[in-house]
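Below: my_file_11.pdb (PDB, C-alpha atoms, pLDDT in the B column)
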```
MODEL        1
ATOM      1  CA  ALA A   1     211.929 -70.068  63.326  1.00 42.00           C
ATOM      2  CA  ALA A   2     211.214 -67.673  66.094  1.00 34.00           C
ATOM      3  CA  SER A   3     207.723 -66.226  66.307  1.00 34.00           C
ATOM      4  CA  ALA A   4     206.093 -63.349  68.110  1.00 35.00           C
ATOM      5  CA  THR A   5     202.483 -62.646  68.979  1.00 34.00           C
ATOM      6  CA  LEU A   6     201.182 -59.470  67.405  1.00 32.00           C
ATOM      7  CA  ARG A   7     200.444 -56.676  69.846  1.00 31.00           C
ATOM      8  CA  ARG A   8     197.190 -54.716  69.750  1.00 34.00           C
ATOM      9  CA  ARG A   9     196.819 -50.959  69.800  1.00 31.00           C
ATOM     10  CA  LEU A  10     193.958 -48.606  68.932  1.00 28.00           C
ATOM     11  CA  ALA A  11     194.396 -45.462  66.820  1.00 31.00           C
ATOM     12  CA  PRO A  12     192.061 -43.167  64.815  1.00 32.00           C
ATOM     13  CA  CYS A  13     191.355 -44.456  61.319  1.00 37.00           C
ATOM     14  CA  GLY A  14     189.253 -41.552  59.963  1.00 35.00           C
ATOM     15  CA  VAL A  15     187.412 -41.477  56.616  1.00 34.00           C
ATOM     16  CA  CYS A  16     184.346 -43.690  56.993  1.00 40.00           C
ATOM     17  CA  ALA A  17     184.049 -44.116  60.759  1.00 39.00           C
ATOM     18  CA  VAL A  18     181.319 -42.850  63.036  1.00 35.00           C
ATOM     19  CA  ARG A  19     183.721 -43.390  65.898  1.00 33.00           C
ATOM     20  CA  SER A  20     186.931 -44.089  63.965  1.00 33.00           C
ATOM     21  CA  MET A  21     188.975 -46.949  65.291  1.00 34.00           C
ATOM     22  CA  CYS A  22     191.997 -48.898  64.069  1.00 34.00           C
ATOM     23  CA  SER A  23     193.656 -51.956  65.487  1.00 35.00           C
ATOM     24  CA  GLU A  24     197.329 -52.431  64.827  1.00 32.00           C
ATOM     25  CA  ALA A  25     197.178 -56.140  65.450  1.00 34.00           C
ATOM     26  CA  GLY A  26     194.756 -58.971  65.034  1.00 36.00           C
ATOM     27  CA  PRO A  27     194.466 -62.592  66.044  1.00 36.00           C
ATOM     28  CA  GLY A  28     197.074 -65.142  65.093  1.00 39.00           C
ATOM     29  CA  ARG A  29     200.830 -65.162  64.587  1.00 39.00           C
ATOM     30  CA  MET A  30     203.203 -64.074  61.819  1.00 40.00           C
ATOM     31  CA  THR A  31     206.858 -64.756  61.114  1.00 42.00           C
ATOM     32  CA  ARG A  32     209.616 -63.497  58.803  1.00 39.00           C
ATOM     33  CA  ARG A  33     210.460 -65.524  55.681  1.00 42.00           C
ATOM     34  CA  GLY A  34     213.272 -64.699  53.271  1.00 40.00           C
ATOM     35  CA  GLY A  35     213.904 -61.366  54.960  1.00 37.00           C
ATOM     36  CA  LEU A  36     210.374 -60.131  54.196  1.00 36.00           C
ATOM     37  CA  VAL A  37     208.583 -58.638  57.181  1.00 37.00           C
ATOM     38  CA  ALA A  38     204.906 -59.434  56.819  1.00 41.00           C
ATOM     39  CA  MET A  39     202.078 -57.879  58.700  1.00 43.00           C
ATOM     40  CA  LEU A  40     198.652 -59.458  58.901  1.00 43.00           C
ATOM     41  CA  ALA A  41     195.577 -57.752  57.586  1.00 39.00           C
ATOM     42  CA  ALA A  42     194.561 -56.796  61.094  1.00 39.00           C
ATOM     43  CA  ALA A  43     197.771 -54.785  61.392  1.00 41.00           C
ATOM     44  CA  ALA A  44     196.528 -52.359  58.755  1.00 39.00           C
ATOM     45  CA  GLY A  45     193.677 -51.205  60.979  1.00 42.00           C
ATOM     46  CA  VAL A  46     190.112 -51.729  62.112  1.00 37.00           C
ATOM     47  CA  VAL A  47     187.566 -49.358  60.640  1.00 39.00           C
ATOM     48  CA  LEU A  48     183.965 -48.716  61.573  1.00 37.00           C
ATOM     49  CA  VAL A  49     181.683 -47.950  58.665  1.00 37.00           C
ATOM     50  CA  LEU A  50     178.027 -47.079  58.200  1.00 38.00           C
ATOM     51  CA  ASN A  51     175.601 -47.905  55.464  1.00 41.00           C
ATOM     52  CA  ARG A  52     176.139 -45.453  52.588  1.00 41.00           C
ATOM     53  CA  ARG A  53     172.970 -43.640  53.512  1.00 38.00           C
ATOM     54  CA  ARG A  54     174.372 -42.714  56.937  1.00 41.00           C
ATOM     55  CA  GLN A  55     178.057 -42.220  56.207  1.00 43.00           C
ATOM     56  CA  ARG A  56     180.101 -39.545  57.972  1.00 42.00           C
ATOM     57  CA  THR A  57     183.644 -38.511  57.158  1.00 41.00           C
ATOM     58  CA  PRO A  58     185.821 -37.385  60.081  1.00 39.00           C
ATOM     59  CA  PRO A  59     189.401 -36.197  59.362  1.00 41.00           C
ATOM     60  CA  VAL A  60     191.772 -38.879  58.108  1.00 40.00           C
ATOM     61  CA  ALA A  61     194.529 -39.981  60.456  1.00 39.00           C
ATOM     62  CA  PRO A  62     197.667 -41.805  59.250  1.00 43.00           C
ATOM     63  CA  ASP A  63     197.892 -45.577  59.597  1.00 45.00           C
ATOM     64  CA  PRO A  64     199.882 -46.680  62.645  1.00 39.00           C
ATOM     65  CA  ALA A  65     203.293 -48.226  62.096  1.00 41.00           C
ATOM     66  CA  PRO A  66     203.208 -52.039  61.824  1.00 42.00           C
ATOM     67  CA  PRO A  67     204.571 -54.151  64.651  1.00 38.00           C
ATOM     68  CA  GLU A  68     207.740 -56.104  63.907  1.00 40.00           C
ATOM     69  CA  VAL A  69     207.239 -59.852  63.766  1.00 40.00           C
ATOM     70  CA  LEU A  70     209.461 -62.855  63.062  1.00 39.00           C
ATOM     71  CA  GLY A  71     209.436 -66.208  61.175  1.00 45.00           C
ATOM     72  CA  ALA A  72     207.243 -67.689  58.305  1.00 51.00           C
ATOM     73  CA  ALA A  73     203.795 -66.184  57.869  1.00 67.00           C
ATOM     74  CA  ASP A  74     201.002 -68.635  58.633  1.00 86.00           C
ATOM     75  CA  VAL A  75     198.453 -67.018  56.323  1.00 92.00           C
ATOM     76  CA  GLY A  76     196.120 -68.771  53.891  1.00 93.00           C
ATOM     77  CA  GLY A  77     194.684 -72.253  53.641  1.00 92.00           C
ATOM     78  CA  GLN A  78     191.633 -74.172  52.528  1.00 94.00           C
ATOM     79  CA  TRP A  79     188.243 -72.496  52.161  1.00 96.00           C
ATOM     80  CA  THR A  80     184.999 -72.728  50.189  1.00 97.00           C
ATOM     81  CA  LEU A  81     182.966 -69.682  49.145  1.00 98.00           C
ATOM     82  CA  VAL A  82     180.390 -68.644  46.517  1.00 97.00           C
ATOM     83  CA  ASP A  83     181.067 -66.346  43.558  1.00 97.00           C
ATOM     84  CA  SER A  84     178.827 -63.667  42.034  1.00 96.00           C
ATOM     85  CA  LYS A  85     177.318 -66.254  39.678  1.00 95.00           C
ATOM     86  CA  GLY A  86     176.302 -68.550  42.523  1.00 96.00           C
ATOM     87  CA  GLY A  87     178.999 -71.154  41.894  1.00 96.00           C
ATOM     88  CA  LEU A  88     181.183 -72.754  44.546  1.00 97.00           C
ATOM     89  CA  VAL A  89     184.812 -71.605  44.564  1.00 97.00           C
ATOM     90  CA  THR A  90     187.621 -73.072  46.670  1.00 97.00           C
ATOM     91  CA  ASP A  91     191.192 -72.016  47.304  1.00 96.00           C
ATOM     92  CA  ALA A  92     192.246 -74.722  44.825  1.00 96.00           C
ATOM     93  CA  HIS A  93     190.624 -72.740  41.986  1.00 96.00           C
ATOM     94  CA  LEU A  94     193.250 -70.027  42.443  1.00 96.00           C
ATOM     95  CA  ARG A  95     196.284 -72.303  42.229  1.00 96.00           C
ATOM     96  CA  GLY A  96     198.731 -71.470  39.456  1.00 95.00           C
ATOM     97  CA  ARG A  97     198.218 -67.691  39.648  1.00 96.00           C
ATOM     98  CA  HIS A  98     199.296 -64.912  41.953  1.00 97.00           C
ATOM     99  CA  VAL A  99     196.365 -63.537  43.943  1.00 98.00           C
ATOM    100  CA  LEU A 100     195.645 -60.052  45.248  1.00 98.00           C
ATOM    101  CA  LEU A 101     193.120 -60.631  48.031  1.00 98.00           C
ATOM    102  CA  TYR A 102     191.016 -58.138  49.970  1.00 98.00           C
ATOM    103  CA  PHE A 103     188.376 -58.686  52.670  1.00 97.00           C
ATOM    104  CA  GLY A 104     185.682 -56.009  52.943  1.00 95.00           C
ATOM    105  CA  PHE A 105     182.007 -55.328  52.332  1.00 95.00           C
ATOM    106  CA  THR A 106     179.980 -53.559  49.685  1.00 95.00           C
ATOM    107  CA  ARG A 107     178.310 -51.024  51.987  1.00 91.00           C
ATOM    108  CA  CYS A 108     181.637 -49.576  53.066  1.00 90.00           C
ATOM    109  CA  PRO A 109     181.336 -45.956  51.912  1.00 83.00           C
ATOM    110  CA  ASP A 110     184.994 -45.093  51.435  1.00 88.00           C
ATOM    111  CA  ILE A 111     187.969 -47.239  52.406  1.00 91.00           C
ATOM    112  CA  CYS A 112     186.891 -50.535  50.827  1.00 95.00           C
ATOM    113  CA  PRO A 113     185.958 -48.937  47.473  1.00 95.00           C
ATOM    114  CA  ASN A 114     189.234 -47.016  47.463  1.00 96.00           C
ATOM    115  CA  GLU A 115     191.240 -50.183  48.023  1.00 97.00           C
ATOM    116  CA  LEU A 116     189.317 -51.992  45.292  1.00 98.00           C
ATOM    117  CA  VAL A 117     189.906 -49.109  42.882  1.00 98.00           C
ATOM    118  CA  LYS A 118     193.605 -49.285  43.746  1.00 98.00           C
ATOM    119  CA  MET A 119     193.631 -53.004  42.967  1.00 98.00           C
ATOM    120  CA  GLY A 120     192.082 -52.217  39.592  1.00 98.00           C
ATOM    121  CA  GLN A 121     194.773 -49.603  38.963  1.00 98.00           C
ATOM    122  CA  VAL A 122     197.401 -52.205  39.790  1.00 98.00           C
ATOM    123  CA  MET A 123     195.926 -54.579  37.228  1.00 98.00           C
ATOM    124  CA  ARG A 124     195.980 -51.874  34.544  1.00 97.00           C
ATOM    125  CA  ARG A 125     199.605 -51.005  35.326  1.00 97.00           C
ATOM    126  CA  LEU A 126     200.842 -54.574  34.975  1.00 97.00           C
ATOM    127  CA  PRO A 127     202.218 -55.662  31.575  1.00 96.00           C
ATOM    128  CA  SER A 128     199.770 -57.938  29.773  1.00 92.00           C
ATOM    129  CA  GLY A 129     201.955 -61.000  30.223  1.00 93.00           C
ATOM    130  CA  VAL A 130     202.087 -60.398  33.972  1.00 96.00           C
ATOM    131  CA  ARG A 131     198.459 -59.341  34.318  1.00 96.00           C
ATOM    132  CA  ASP A 132     197.327 -62.694  32.947  1.00 95.00           C
ATOM    133  CA  GLN A 133     199.061 -64.386  35.877  1.00 97.00           C
ATOM    134  CA  VAL A 134     197.355 -62.304  38.592  1.00 98.00           C
ATOM    135  CA  GLN A 135     193.830 -62.722  39.984  1.00 98.00           C
ATOM    136  CA  PRO A 136     192.286 -59.931  42.111  1.00 98.00           C
ATOM    137  CA  VAL A 137     189.787 -61.286  44.651  1.00 98.00           C
ATOM    138  CA  PHE A 138     187.248 -59.611  46.944  1.00 98.00           C
ATOM    139  CA  VAL A 139     185.829 -61.599  49.876  1.00 98.00           C
ATOM    140  CA  SER A 140     182.799 -60.140  51.646  1.00 96.00           C
ATOM    141  CA  ILE A 141     182.767 -60.176  55.439  1.00 95.00           C
ATOM    142  CA  ASP A 142     179.069 -59.181  55.384  1.00 95.00           C
ATOM    143  CA  PRO A 143     177.350 -62.265  53.931  1.00 94.00           C
ATOM    144  CA  SER A 144     173.884 -61.404  55.261  1.00 93.00           C
ATOM    145  CA  ARG A 145     173.763 -58.280  53.081  1.00 94.00           C
ATOM    146  CA  ASP A 146     176.336 -59.135  50.413  1.00 96.00           C
ATOM    147  CA  THR A 147     174.308 -61.689  48.543  1.00 97.00           C
ATOM    148  CA  VAL A 148     175.227 -63.080  45.134  1.00 97.00           C
ATOM    149  CA  ALA A 149     172.946 -60.506  43.500  1.00 97.00           C
ATOM    150  CA  GLN A 150     174.469 -57.660  45.543  1.00 97.00           C
ATOM    151  CA  LEU A 151     178.000 -58.679  44.562  1.00 97.00           C
ATOM    152  CA  ARG A 152     177.002 -58.898  40.921  1.00 97.00           C
ATOM    153  CA  GLU A 153     175.597 -55.364  40.980  1.00 97.00           C
ATOM    154  CA  TYR A 154     178.532 -53.981  42.973  1.00 97.00           C
ATOM    155  CA  SER A 155     181.098 -55.547  40.646  1.00 97.00           C
ATOM    156  CA  THR A 156     180.123 -53.285  37.753  1.00 96.00           C
ATOM    157  CA  ASP A 157     181.949 -50.361  39.383  1.00 95.00           C
ATOM    158  CA  PHE A 158     185.345 -52.057  39.421  1.00 97.00           C
ATOM    159  CA  HIS A 159     187.941 -53.787  37.265  1.00 97.00           C
ATOM    160  CA  PRO A 160     186.366 -56.626  35.266  1.00 97.00           C
ATOM    161  CA  SER A 161     188.994 -59.183  36.271  1.00 97.00           C
ATOM    162  CA  PHE A 162     187.855 -59.307  39.928  1.00 98.00           C
ATOM    163  CA  LEU A 163     186.562 -62.514  41.450  1.00 98.00           C
ATOM    164  CA  TRP A 164     183.769 -61.614  43.906  1.00 98.00           C
ATOM    165  CA  LEU A 165     183.136 -64.021  46.763  1.00 98.00           C
ATOM    166  CA  THR A 166     180.617 -64.378  49.578  1.00 98.00           C
ATOM    167  CA  GLY A 167     179.092 -67.363  51.367  1.00 97.00           C
ATOM    168  CA  THR A 168     177.378 -68.406  54.545  1.00 96.00           C
ATOM    169  CA  GLU A 169     178.429 -66.814  57.813  1.00 95.00           C
ATOM    170  CA  GLN A 170     180.314 -69.996  58.666  1.00 96.00           C
ATOM    171  CA  GLN A 171     182.127 -70.101  55.311  1.00 97.00           C
ATOM    172  CA  VAL A 172     183.145 -66.445  55.506  1.00 96.00           C
ATOM    173  CA  ALA A 173     184.315 -66.766  59.103  1.00 95.00           C
ATOM    174  CA  ALA A 174     186.405 -69.821  58.208  1.00 96.00           C
ATOM    175  CA  ALA A 175     188.048 -68.048  55.242  1.00 96.00           C
ATOM    176  CA  ALA A 176     188.753 -64.933  57.306  1.00 95.00           C
ATOM    177  CA  LYS A 177     190.364 -67.062  60.005  1.00 94.00           C
ATOM    178  CA  ARG A 178     192.674 -68.628  57.430  1.00 94.00           C
ATOM    179  CA  TYR A 179     193.998 -65.157  56.568  1.00 95.00           C
ATOM    180  CA  ARG A 180     194.025 -63.855  60.151  1.00 93.00           C
ATOM    181  CA  VAL A 181     191.379 -61.267  59.249  1.00 93.00           C
ATOM    182  CA  PHE A 182     189.547 -59.617  62.121  1.00 90.00           C
ATOM    183  CA  PHE A 183     185.929 -58.535  61.668  1.00 88.00           C
ATOM    184  CA  ARG A 184     182.822 -58.119  63.780  1.00 84.00           C
ATOM    185  CA  LYS A 185     179.452 -56.381  63.736  1.00 83.00           C
ATOM    186  CA  ALA A 186     179.367 -53.299  65.961  1.00 74.00           C
ATOM    187  CA  VAL A 187     176.389 -52.439  68.140  1.00 62.00           C
ATOM    188  CA  MET A 188     174.701 -49.206  67.059  1.00 58.00           C
ATOM    189  CA  ALA A 189     173.592 -48.383  70.599  1.00 53.00           C
ATOM    190  CA  ASP A 190     177.196 -48.395  71.762  1.00 51.00           C
ATOM    191  CA  LEU A 191     177.975 -45.671  69.226  1.00 49.00           C
ATOM    192  CA  ASP A 192     174.988 -43.445  70.089  1.00 50.00           C
ATOM    193  CA  VAL A 193     173.813 -43.664  66.486  1.00 49.00           C
ATOM    194  CA  GLU A 194     170.210 -44.192  65.474  1.00 53.00           C
ATOM    195  CA  GLY A 195     169.496 -46.313  62.442  1.00 50.00           C
ATOM    196  CA  GLU A 196     167.517 -49.124  60.948  1.00 55.00           C
ATOM    197  CA  GLU A 197     168.425 -52.719  61.653  1.00 54.00           C
ATOM    198  CA  GLU A 198     170.377 -53.109  58.400  1.00 63.00           C
ATOM    199  CA  ASP A 199     172.442 -49.972  59.115  1.00 73.00           C
ATOM    200  CA  TYR A 200     174.931 -51.739  61.343  1.00 82.00           C
ATOM    201  CA  LEU A 201     178.648 -51.078  61.434  1.00 78.00           C
ATOM    202  CA  LEU A 202     181.546 -53.455  60.852  1.00 85.00           C
ATOM    203  CA  ASP A 203     184.994 -53.438  62.379  1.00 83.00           C
ATOM    204  CA  HIS A 204     187.491 -55.119  60.065  1.00 85.00           C
ATOM    205  CA  SER A 205     191.121 -55.440  59.093  1.00 89.00           C
ATOM    206  CA  ILE A 206     192.432 -53.452  56.137  1.00 92.00           C
ATOM    207  CA  ALA A 207     195.128 -54.981  53.947  1.00 93.00           C
ATOM    208  CA  ILE A 208     195.644 -56.394  50.474  1.00 97.00           C
ATOM    209  CA  TYR A 209     197.356 -59.788  50.519  1.00 97.00           C
ATOM    210  CA  LEU A 210     199.680 -61.010  47.799  1.00 97.00           C
ATOM    211  CA  MET A 211     199.505 -64.800  47.649  1.00 97.00           C
ATOM    212  CA  GLY A 212     201.649 -67.045  45.468  1.00 96.00           C
ATOM    213  CA  PRO A 213     200.625 -69.605  42.812  1.00 96.00           C
ATOM    214  CA  ASP A 214     200.905 -72.328  45.470  1.00 95.00           C
ATOM    215  CA  GLY A 215     198.550 -70.452  47.806  1.00 95.00           C
ATOM    216  CA  GLY A 216     201.379 -69.379  50.094  1.00 95.00           C
ATOM    217  CA  PHE A 217     201.702 -65.909  51.586  1.00 96.00           C
ATOM    218  CA  ILE A 218     204.168 -63.559  49.851  1.00 95.00           C
ATOM    219  CA  SER A 219     203.471 -60.046  51.097  1.00 94.00           C
ATOM    220  CA  PHE A 220     200.797 -57.533  52.087  1.00 95.00           C
ATOM    221  CA  PHE A 221     199.992 -53.928  51.213  1.00 97.00           C
ATOM    222  CA  ARG A 222     198.572 -51.233  53.469  1.00 94.00           C
ATOM    223  CA  ARG A 223     196.203 -48.398  52.684  1.00 92.00           C
ATOM    224  CA  GLY A 224     199.162 -46.021  52.263  1.00 92.00           C
ATOM    225  CA  ASP A 225     200.820 -48.121  49.534  1.00 96.00           C
ATOM    226  CA  ASP A 226     199.990 -46.588  46.152  1.00 95.00           C
ATOM    227  CA  ALA A 227     199.122 -48.506  42.999  1.00 97.00           C
ATOM    228  CA  ASN A 228     202.564 -48.016  41.425  1.00 97.00           C
ATOM    229  CA  ALA A 229     204.333 -49.530  44.419  1.00 96.00           C
ATOM    230  CA  VAL A 230     201.934 -52.464  44.591  1.00 97.00           C
ATOM    231  CA  ALA A 231     202.198 -53.099  40.843  1.00 97.00           C
ATOM    232  CA  ALA A 232     206.005 -53.098  41.041  1.00 97.00           C
ATOM    233  CA  ALA A 233     205.947 -55.603  43.917  1.00 97.00           C
ATOM    234  CA  VAL A 234     203.486 -57.872  42.110  1.00 97.00           C
ATOM    235  CA  GLU A 235     205.489 -57.752  38.881  1.00 97.00           C
ATOM    236  CA  ALA A 236     208.670 -58.589  40.776  1.00 96.00           C
ATOM    237  CA  SER A 237     206.995 -61.531  42.461  1.00 96.00           C
ATOM    238  CA  VAL A 238     205.653 -62.912  39.178  1.00 96.00           C
ATOM    239  CA  ALA A 239     209.166 -62.603  37.765  1.00 92.00           C
ATOM    240  CA  GLY A 240     210.458 -64.721  40.637  1.00 89.00           C
ATOM    241  CA  GLN A 241     212.002 -61.875  42.613  1.00 71.00           C
ATOM    242  CA  ARG A 242     211.307 -61.053  46.245  1.00 64.00           C
ATOM    243  CA  PRO A 243     209.062 -57.969  46.527  1.00 63.00           C
ATOM    244  CA  GLY A 244     210.611 -55.227  48.678  1.00 55.00           C
ATOM    245  CA  ARG A 245     208.738 -53.425  51.466  1.00 51.00           C
TER     246      ARG A 245
ENDMDL
END
```
Could you express the structure from this file as structure tokens?
Amino acid sequence: AASATLRRRLAPCGVCAVRSMCSEAGPGRMTRRGGLVAMLAAAAGVVLVLNRRRQRTPPVAPDPAPPEVLGAADVGGQWTLVDSKGGLVTDAHLRGRHVLLYFGFTRCPDICPNELVKMGQVMRRLPSGVRDQVQPVFVSIDPSRDTVAQLREYSTDFHPSFLWLTGTEQQVAAAAKRYRVFFRKAVMADLDVEGEEEDYLLDHSIAIYLMGPDGGFISFFRRGDDANAVAAAVEASVAGQRPGR
């Protein structure tokens, strides 16, 4: 199948940025499978966020349009992380269920919590027989601050079915690479913002992945996709139909 390298473009992302920034493309390649155009998580945007204590909220700008790509999406793979109880979890533990997967961090003051709330709304909208076949997962890209204890405390604000994952910096980086997720720590001095050492910013991709029971990529959802649309796509996928975009 033909393939195309994703192009990069910066655009305002709004909401929780000190200097809002979005990237329309991230590392890696994607392709079209079964007529479904898939965009990687990096295509949803890169957002800069502060510690909750120093959050600012500039005007929200719309997400940029996704780039068109071709062929079968090379997203997903083997990884090992740690859950909020301190136990090791691998990609194999999720086999047999559809997975809604989001990469973020607990100190994100706005966008990450909103996406996690939306995932919880999706779970509540699914019929019980479908809901039992779907696992929502959060993977922290901030392992130095998102410890097991931090994830456990943070989890109380969201849907109880979530699986919360963190790990070492190496484990998190490896998992993010498998899903073509872009993230990096921003330098406070470059943003002309004063703060304590732990008040650093993170640039990261924004997207919710829908993965199949075999661990294969099915689709993705952007920030602008509401819970009803996501729930309908998930339900269709569980029923063996191709989710529309």
Point out the residue among A:Phe138, A:Phe183, A:Phe158, A:Phe217 with the least atom-to-atom distance to A:Arg124, counting all atoms listed in the file. A:Phe158
So that all listed atoms of stretch 106-112 of chain A fit with 4 Å spare on each side, what axis-aligned box centre and edge lengths in Å, to one decimal, would you give as AutoDock Vina command-line options?
```
--center_x 183.1 --center_y -49.3 --center_z 51.4 --size_x 17.7 --size_y 16.5 --size_z 11.4
```
For A:Asp226, which of A:Arg107, A:Lys118, A:Lys85, A:Arg145 is the closest residue, counting only C-alpha atoms? A:Lys118
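Picture a line from atom CA of A:Asn228 to atom CA of A:Gly120; it runs 11.4 Å.
Relative to atom CA of A:Pro143, atom CA of A:Tyr102 is found at 14.8 Å.
Proximity of A:Pro136, A:Gly104, A:Gly129, A:Gly167 to A:Thr90, computed with only C-alpha atoms, is greatest for A:Gly167.
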Could you list, as a count of residues only, every residue matched by the PyMOL selection byres ((chain A and resi 214) around 12) in this structure? 20
In Å, with one decimal, what is the gap from atom CA of A:Val130 to atom CA of A:Val75? 23.6 Å
Which residues, protein or nucleic acid, reach to within 9 Å of (188.6, -62.8, 48.3) in the file's coordinates when using only C-alpha atoms, and can you give that as a PyMOL selection string? chain A and resi 81+99-104+136-140+163-166+175
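In terms of minimum interatomic distance to A:His159, A:Val117 ranks closest within A:Trp79, A:Val117, A:Tyr200, A:Ser205, counting all atoms listed in the file.
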Near-A:Phe221 list (7 Å; only C-alpha atoms; drop same-chain fewer than 2 positions) as JSON, numbers by chain: {"A": [207, 208, 209, 223, 225]}
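Taking only C-alpha atoms into account, A:Asp83 lies nearest to A:Ser155 out of the set A:Pro127, A:Leu116, A:Ser155, A:Cys108.
In this comparison, which uses all atoms listed in the file, the residue of A:Arg125, A:His204, A:Arg222, A:Arg152 approaching A:Val181 most closely is A:His204.
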Quick one: everything within 9 Å of A:Val234, counting only C-alpha atoms, minus sequence neighbours fewer than 2 positions away in the same chain. Send it as a PyMOL selection string. chain A and resi 98+100+122+126+130+134+210+229-232+236-239+243
